[in-house]
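Dropping data.cif in here (mmCIF, C-alpha atoms):
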```cif
data_final
#
loop_
_atom_site.label_atom_id
_atom_site.label_comp_id
_atom_site.auth_asym_id
_atom_site.auth_seq_id
_atom_site.Cartn_x
_atom_site.Cartn_y
_atom_site.Cartn_z
CA MET A 1 -65.82 -97.42 -56.69
CA ALA A 2 -65.23 -94.57 -54.24
CA LEU A 3 -65.69 -92.05 -57.02
CA LEU A 4 -68.74 -93.75 -58.54
CA ALA A 5 -71.11 -90.87 -59.14
CA LEU A 6 -74.61 -91.26 -57.80
CA ILE A 7 -76.84 -88.22 -58.00
CA THR A 8 -73.79 -86.31 -59.38
CA PHE A 9 -71.80 -86.77 -56.14
CA PRO A 10 -69.06 -89.37 -55.52
CA MET A 11 -69.98 -92.21 -53.17
CA ILE A 12 -67.39 -91.09 -50.61
CA ILE A 13 -69.15 -87.74 -50.21
CA ILE A 14 -72.55 -89.42 -49.86
CA ALA A 15 -71.17 -91.84 -47.24
CA GLY A 16 -69.53 -88.95 -45.37
CA THR A 17 -72.79 -87.00 -45.32
CA ILE A 18 -74.73 -90.02 -44.06
CA LEU A 19 -72.00 -90.55 -41.44
CA LEU A 20 -72.31 -86.97 -40.20
CA ILE A 21 -76.10 -87.24 -39.94
CA SER A 22 -75.73 -90.55 -38.11
CA LEU A 23 -73.23 -89.07 -35.63
CA ILE A 24 -75.47 -86.09 -34.92
CA SER A 25 -78.50 -88.37 -34.47
CA THR A 26 -76.62 -90.66 -32.08
CA ALA A 27 -75.41 -87.71 -30.01
CA ALA A 28 -78.88 -86.13 -29.97
CA LEU A 29 -80.48 -89.38 -28.78
CA GLY A 30 -77.85 -89.74 -26.05
CA PHE A 31 -78.41 -86.15 -24.96
CA MET A 32 -82.20 -86.61 -24.88
CA ILE A 33 -81.88 -89.81 -22.85
CA MET A 34 -79.49 -88.17 -20.36
CA LYS A 35 -81.76 -85.14 -19.90
CA GLY A 36 -84.91 -87.28 -19.67
CA LYS A 37 -86.58 -85.57 -22.60
CA GLY A 38 -89.01 -87.74 -24.53
CA ASP A 39 -89.69 -91.40 -23.99
CA ILE A 40 -86.75 -92.85 -25.92
CA PRO A 41 -85.40 -96.27 -24.95
CA LEU A 42 -81.63 -96.69 -24.55
CA SER A 43 -81.67 -99.43 -27.19
CA TRP A 44 -82.31 -96.80 -29.88
CA HIS A 45 -79.12 -94.98 -28.92
CA ILE A 46 -77.15 -98.23 -28.94
CA ASN A 47 -78.53 -99.22 -32.35
CA PHE A 48 -77.73 -95.77 -33.79
CA ALA A 49 -74.18 -96.11 -32.43
CA ARG A 50 -73.82 -99.50 -34.15
CA LEU A 51 -75.11 -98.03 -37.40
CA THR A 52 -72.61 -95.18 -37.09
CA ILE A 53 -69.75 -97.66 -36.68
CA VAL A 54 -70.82 -99.58 -39.80
CA ILE A 55 -71.09 -96.38 -41.84
CA THR A 56 -67.66 -95.32 -40.54
CA PHE A 57 -66.10 -98.51 -41.87
CA ILE A 58 -67.82 -98.08 -45.25
CA HIS A 59 -66.65 -94.46 -45.47
CA GLY A 60 -63.12 -95.46 -44.44
CA PHE A 61 -63.02 -98.25 -47.01
CA LEU A 62 -64.12 -95.85 -49.75
CA ALA A 63 -61.48 -93.30 -48.68
CA ILE A 64 -58.72 -95.91 -48.71
CA ALA A 65 -59.88 -97.27 -52.06
CA TRP A 66 -59.86 -93.75 -53.49
CA TYR A 67 -56.41 -93.02 -52.05
CA LEU A 68 -54.86 -96.26 -53.33
CA GLY A 69 -56.52 -95.92 -56.71
#
```
Kindly present the structure from the file in structure tokens form.
Amino acid sequence: MALLALITFPMIIIAGTILLISLISTAALGFMIMKGKGDIPLSWHINFARLTIVITFIHGFLAIAWYLG
């Protein structure tokens, strides 16, 4: 399942890319909130952090499934 090819890339690579984008987005929202730039509610940052945690578990599951065969 971890190596199931979608759009010619294995799922683990796609999940890792989405995870990286999610981490950068969460950090950028936190930075913008701390600096007072834009009118972004804190709940967006919290929801992005939750999404990042979910994607991390999916990516980790795929990595373990690939490693164990």
Report the centre and edge lengths, in Å to one decimal, of an axis-aligned box enclosing every atom of region 35-49 of chain A listed in the file, padded by 5 Å on each side, as AutoDock Vina command-line options.
```
--center_x -81.9 --center_y -92.3 --center_z -26.7 --size_x 25.5 --size_y 24.3 --size_z 24.1
```
Every residue with an atom at most 12 Å from (-74.9, -96.6, -32.8) (file coordinates; only C-alpha atoms) is what I'm after, so could you write them as a PyMOL selection string? chain A and resi 19+21-30+42-56
Have a look at A:Ile40, A:Ile12, A:Leu20, A:Met34 and name the one nearest to His59 (chain A); count only C-alpha atoms. A:Ile12
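Between CA of Ile58 (chain A) and CA of Pro41 (chain A) the interatomic distance comes to 26.9 Å.
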Could you state the separation of CA of Thr17 (chain A) and CA of Gly69 (chain A) in Å, given to one decimal place?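 Separating CA of Thr17 (chain A) from CA of Gly69 (chain A) is a distance of 21.8 Å.
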If I take CA of Phe9 (chain A) and CA of Gly60 (chain A), how far is one from the other in Å, to one decimal?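 Distance reported for this atom pair: 17.0 Å.
The nearest approach to Ala65 (chain A) among the residues A:Gly36, A:Met11, A:Phe31, A:Ile18, with only C-alpha atoms taken into account, belongs to A:Met11.
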Can you patch up region 10-45 of chain A, filling it in to N, CA and C atoms, and show the result as a PDB file, in the coordinates of the input?
```
ATOM      1  N   PRO A  10     -69.769 -88.107 -55.745  1.00  0.00           N
ATOM      2  CA  PRO A  10     -69.060 -89.370 -55.520  1.00  0.00           C
ATOM      3  C   PRO A  10     -69.589 -90.089 -54.278  1.00  0.00           C
ATOM      4  N   MET A  11     -69.481 -91.399 -54.281  1.00  0.00           N
ATOM      5  CA  MET A  11     -69.980 -92.210 -53.170  1.00  0.00           C
ATOM      6  C   MET A  11     -69.342 -91.836 -51.838  1.00  0.00           C
ATOM      7  N   ILE A  12     -68.071 -91.432 -51.864  1.00  0.00           N
ATOM      8  CA  ILE A  12     -67.390 -91.090 -50.610  1.00  0.00           C
ATOM      9  C   ILE A  12     -68.022 -89.862 -49.961  1.00  0.00           C
ATOM     10  N   ILE A  13     -68.488 -88.925 -50.764  1.00  0.00           N
ATOM     11  CA  ILE A  13     -69.150 -87.740 -50.210  1.00  0.00           C
ATOM     12  C   ILE A  13     -70.515 -88.107 -49.652  1.00  0.00           C
ATOM     13  N   ILE A  14     -71.236 -88.972 -50.347  1.00  0.00           N
ATOM     14  CA  ILE A  14     -72.550 -89.420 -49.860  1.00  0.00           C
ATOM     15  C   ILE A  14     -72.386 -90.176 -48.544  1.00  0.00           C
ATOM     16  N   ALA A  15     -71.397 -91.084 -48.475  1.00  0.00           N
ATOM     17  CA  ALA A  15     -71.170 -91.840 -47.240  1.00  0.00           C
ATOM     18  C   ALA A  15     -70.743 -90.915 -46.105  1.00  0.00           C
ATOM     19  N   GLY A  16     -69.945 -89.898 -46.393  1.00  0.00           N
ATOM     20  CA  GLY A  16     -69.530 -88.950 -45.370  1.00  0.00           C
ATOM     21  C   GLY A  16     -70.706 -88.135 -44.841  1.00  0.00           C
ATOM     22  N   THR A  17     -71.610 -87.752 -45.733  1.00  0.00           N
ATOM     23  CA  THR A  17     -72.790 -87.000 -45.320  1.00  0.00           C
ATOM     24  C   THR A  17     -73.699 -87.858 -44.445  1.00  0.00           C
ATOM     25  N   ILE A  18     -73.911 -89.096 -44.858  1.00  0.00           N
ATOM     26  CA  ILE A  18     -74.730 -90.020 -44.060  1.00  0.00           C
ATOM     27  C   ILE A  18     -74.060 -90.262 -42.708  1.00  0.00           C
ATOM     28  N   LEU A  19     -72.739 -90.362 -42.695  1.00  0.00           N
ATOM     29  CA  LEU A  19     -72.000 -90.550 -41.440  1.00  0.00           C
ATOM     30  C   LEU A  19     -72.203 -89.365 -40.507  1.00  0.00           C
ATOM     31  N   LEU A  20     -72.116 -88.158 -41.028  1.00  0.00           N
ATOM     32  CA  LEU A  20     -72.310 -86.970 -40.200  1.00  0.00           C
ATOM     33  C   LEU A  20     -73.717 -86.925 -39.612  1.00  0.00           C
ATOM     34  N   ILE A  21     -74.716 -87.220 -40.425  1.00  0.00           N
ATOM     35  CA  ILE A  21     -76.100 -87.240 -39.940  1.00  0.00           C
ATOM     36  C   ILE A  21     -76.274 -88.309 -38.869  1.00  0.00           C
ATOM     37  N   SER A  22     -75.647 -89.467 -39.078  1.00  0.00           N
ATOM     38  CA  SER A  22     -75.730 -90.550 -38.110  1.00  0.00           C
ATOM     39  C   SER A  22     -75.060 -90.167 -36.787  1.00  0.00           C
ATOM     40  N   LEU A  23     -73.912 -89.507 -36.854  1.00  0.00           N
ATOM     41  CA  LEU A  23     -73.230 -89.070 -35.630  1.00  0.00           C
ATOM     42  C   LEU A  23     -74.063 -88.055 -34.858  1.00  0.00           C
ATOM     43  N   ILE A  24     -74.644 -87.096 -35.572  1.00  0.00           N
ATOM     44  CA  ILE A  24     -75.470 -86.090 -34.920  1.00  0.00           C
ATOM     45  C   ILE A  24     -76.708 -86.733 -34.295  1.00  0.00           C
ATOM     46  N   SER A  25     -77.314 -87.688 -35.002  1.00  0.00           N
ATOM     47  CA  SER A  25     -78.500 -88.370 -34.470  1.00  0.00           C
ATOM     48  C   SER A  25     -78.163 -89.173 -33.217  1.00  0.00           C
ATOM     49  N   THR A  26     -77.031 -89.874 -33.244  1.00  0.00           N
ATOM     50  CA  THR A  26     -76.620 -90.660 -32.080  1.00  0.00           C
ATOM     51  C   THR A  26     -76.370 -89.751 -30.876  1.00  0.00           C
ATOM     52  N   ALA A  27     -75.686 -88.642 -31.108  1.00  0.00           N
ATOM     53  CA  ALA A  27     -75.410 -87.710 -30.010  1.00  0.00           C
ATOM     54  C   ALA A  27     -76.705 -87.079 -29.494  1.00  0.00           C
ATOM     55  N   ALA A  28     -77.613 -86.743 -30.390  1.00  0.00           N
ATOM     56  CA  ALA A  28     -78.880 -86.130 -29.970  1.00  0.00           C
ATOM     57  C   ALA A  28     -79.708 -87.113 -29.141  1.00  0.00           C
ATOM     58  N   LEU A  29     -79.746 -88.377 -29.562  1.00  0.00           N
ATOM     59  CA  LEU A  29     -80.480 -89.380 -28.780  1.00  0.00           C
ATOM     60  C   LEU A  29     -79.858 -89.555 -27.399  1.00  0.00           C
ATOM     61  N   GLY A  30     -78.526 -89.612 -27.339  1.00  0.00           N
ATOM     62  CA  GLY A  30     -77.850 -89.740 -26.050  1.00  0.00           C
ATOM     63  C   GLY A  30     -78.138 -88.552 -25.147  1.00  0.00           C
ATOM     64  N   PHE A  31     -78.120 -87.362 -25.726  1.00  0.00           N
ATOM     65  CA  PHE A  31     -78.410 -86.150 -24.960  1.00  0.00           C
ATOM     66  C   PHE A  31     -79.847 -86.172 -24.434  1.00  0.00           C
ATOM     67  N   MET A  32     -80.799 -86.567 -25.290  1.00  0.00           N
ATOM     68  CA  MET A  32     -82.200 -86.610 -24.880  1.00  0.00           C
ATOM     69  C   MET A  32     -82.431 -87.642 -23.782  1.00  0.00           C
ATOM     70  N   ILE A  33     -81.738 -88.769 -23.872  1.00  0.00           N
ATOM     71  CA  ILE A  33     -81.880 -89.810 -22.850  1.00  0.00           C
ATOM     72  C   ILE A  33     -81.295 -89.319 -21.523  1.00  0.00           C
ATOM     73  N   MET A  34     -80.120 -88.668 -21.591  1.00  0.00           N
ATOM     74  CA  MET A  34     -79.490 -88.170 -20.360  1.00  0.00           C
ATOM     75  C   MET A  34     -80.322 -87.093 -19.680  1.00  0.00           C
ATOM     76  N   LYS A  35     -80.963 -86.235 -20.456  1.00  0.00           N
ATOM     77  CA  LYS A  35     -81.760 -85.140 -19.900  1.00  0.00           C
ATOM     78  C   LYS A  35     -83.183 -85.576 -19.560  1.00  0.00           C
ATOM     79  N   GLY A  36     -83.575 -86.786 -19.963  1.00  0.00           N
ATOM     80  CA  GLY A  36     -84.910 -87.280 -19.670  1.00  0.00           C
ATOM     81  C   GLY A  36     -85.991 -86.691 -20.543  1.00  0.00           C
ATOM     82  N   LYS A  37     -85.609 -86.161 -21.685  1.00  0.00           N
ATOM     83  CA  LYS A  37     -86.580 -85.570 -22.600  1.00  0.00           C
ATOM     84  C   LYS A  37     -87.103 -86.646 -23.543  1.00  0.00           C
ATOM     85  N   GLY A  38     -88.412 -86.737 -23.653  1.00  0.00           N
ATOM     86  CA  GLY A  38     -89.010 -87.740 -24.530  1.00  0.00           C
ATOM     87  C   GLY A  38     -88.974 -89.114 -23.893  1.00  0.00           C
ATOM     88  N   ASP A  39     -89.645 -90.023 -24.494  1.00  0.00           N
ATOM     89  CA  ASP A  39     -89.690 -91.400 -23.990  1.00  0.00           C
ATOM     90  C   ASP A  39     -88.920 -92.287 -24.972  1.00  0.00           C
ATOM     91  N   ILE A  40     -87.600 -92.134 -24.974  1.00  0.00           N
ATOM     92  CA  ILE A  40     -86.750 -92.850 -25.920  1.00  0.00           C
ATOM     93  C   ILE A  40     -85.993 -93.942 -25.174  1.00  0.00           C
ATOM     94  N   PRO A  41     -86.140 -95.196 -25.620  1.00  0.00           N
ATOM     95  CA  PRO A  41     -85.400 -96.270 -24.950  1.00  0.00           C
ATOM     96  C   PRO A  41     -83.904 -96.209 -25.282  1.00  0.00           C
ATOM     97  N   LEU A  42     -83.085 -96.678 -24.362  1.00  0.00           N
ATOM     98  CA  LEU A  42     -81.630 -96.690 -24.550  1.00  0.00           C
ATOM     99  C   LEU A  42     -81.228 -97.546 -25.745  1.00  0.00           C
ATOM    100  N   SER A  43     -82.018 -98.551 -26.071  1.00  0.00           N
ATOM    101  CA  SER A  43     -81.670 -99.430 -27.190  1.00  0.00           C
ATOM    102  C   SER A  43     -81.607 -98.675 -28.515  1.00  0.00           C
ATOM    103  N   TRP A  44     -82.378 -97.598 -28.655  1.00  0.00           N
ATOM    104  CA  TRP A  44     -82.310 -96.800 -29.880  1.00  0.00           C
ATOM    105  C   TRP A  44     -80.931 -96.149 -30.005  1.00  0.00           C
ATOM    106  N   HIS A  45     -80.432 -95.613 -28.911  1.00  0.00           N
ATOM    107  CA  HIS A  45     -79.120 -94.980 -28.920  1.00  0.00           C
ATOM    108  C   HIS A  45     -78.039 -96.005 -29.261  1.00  0.00           C
TER     109      HIS A  45
END
```
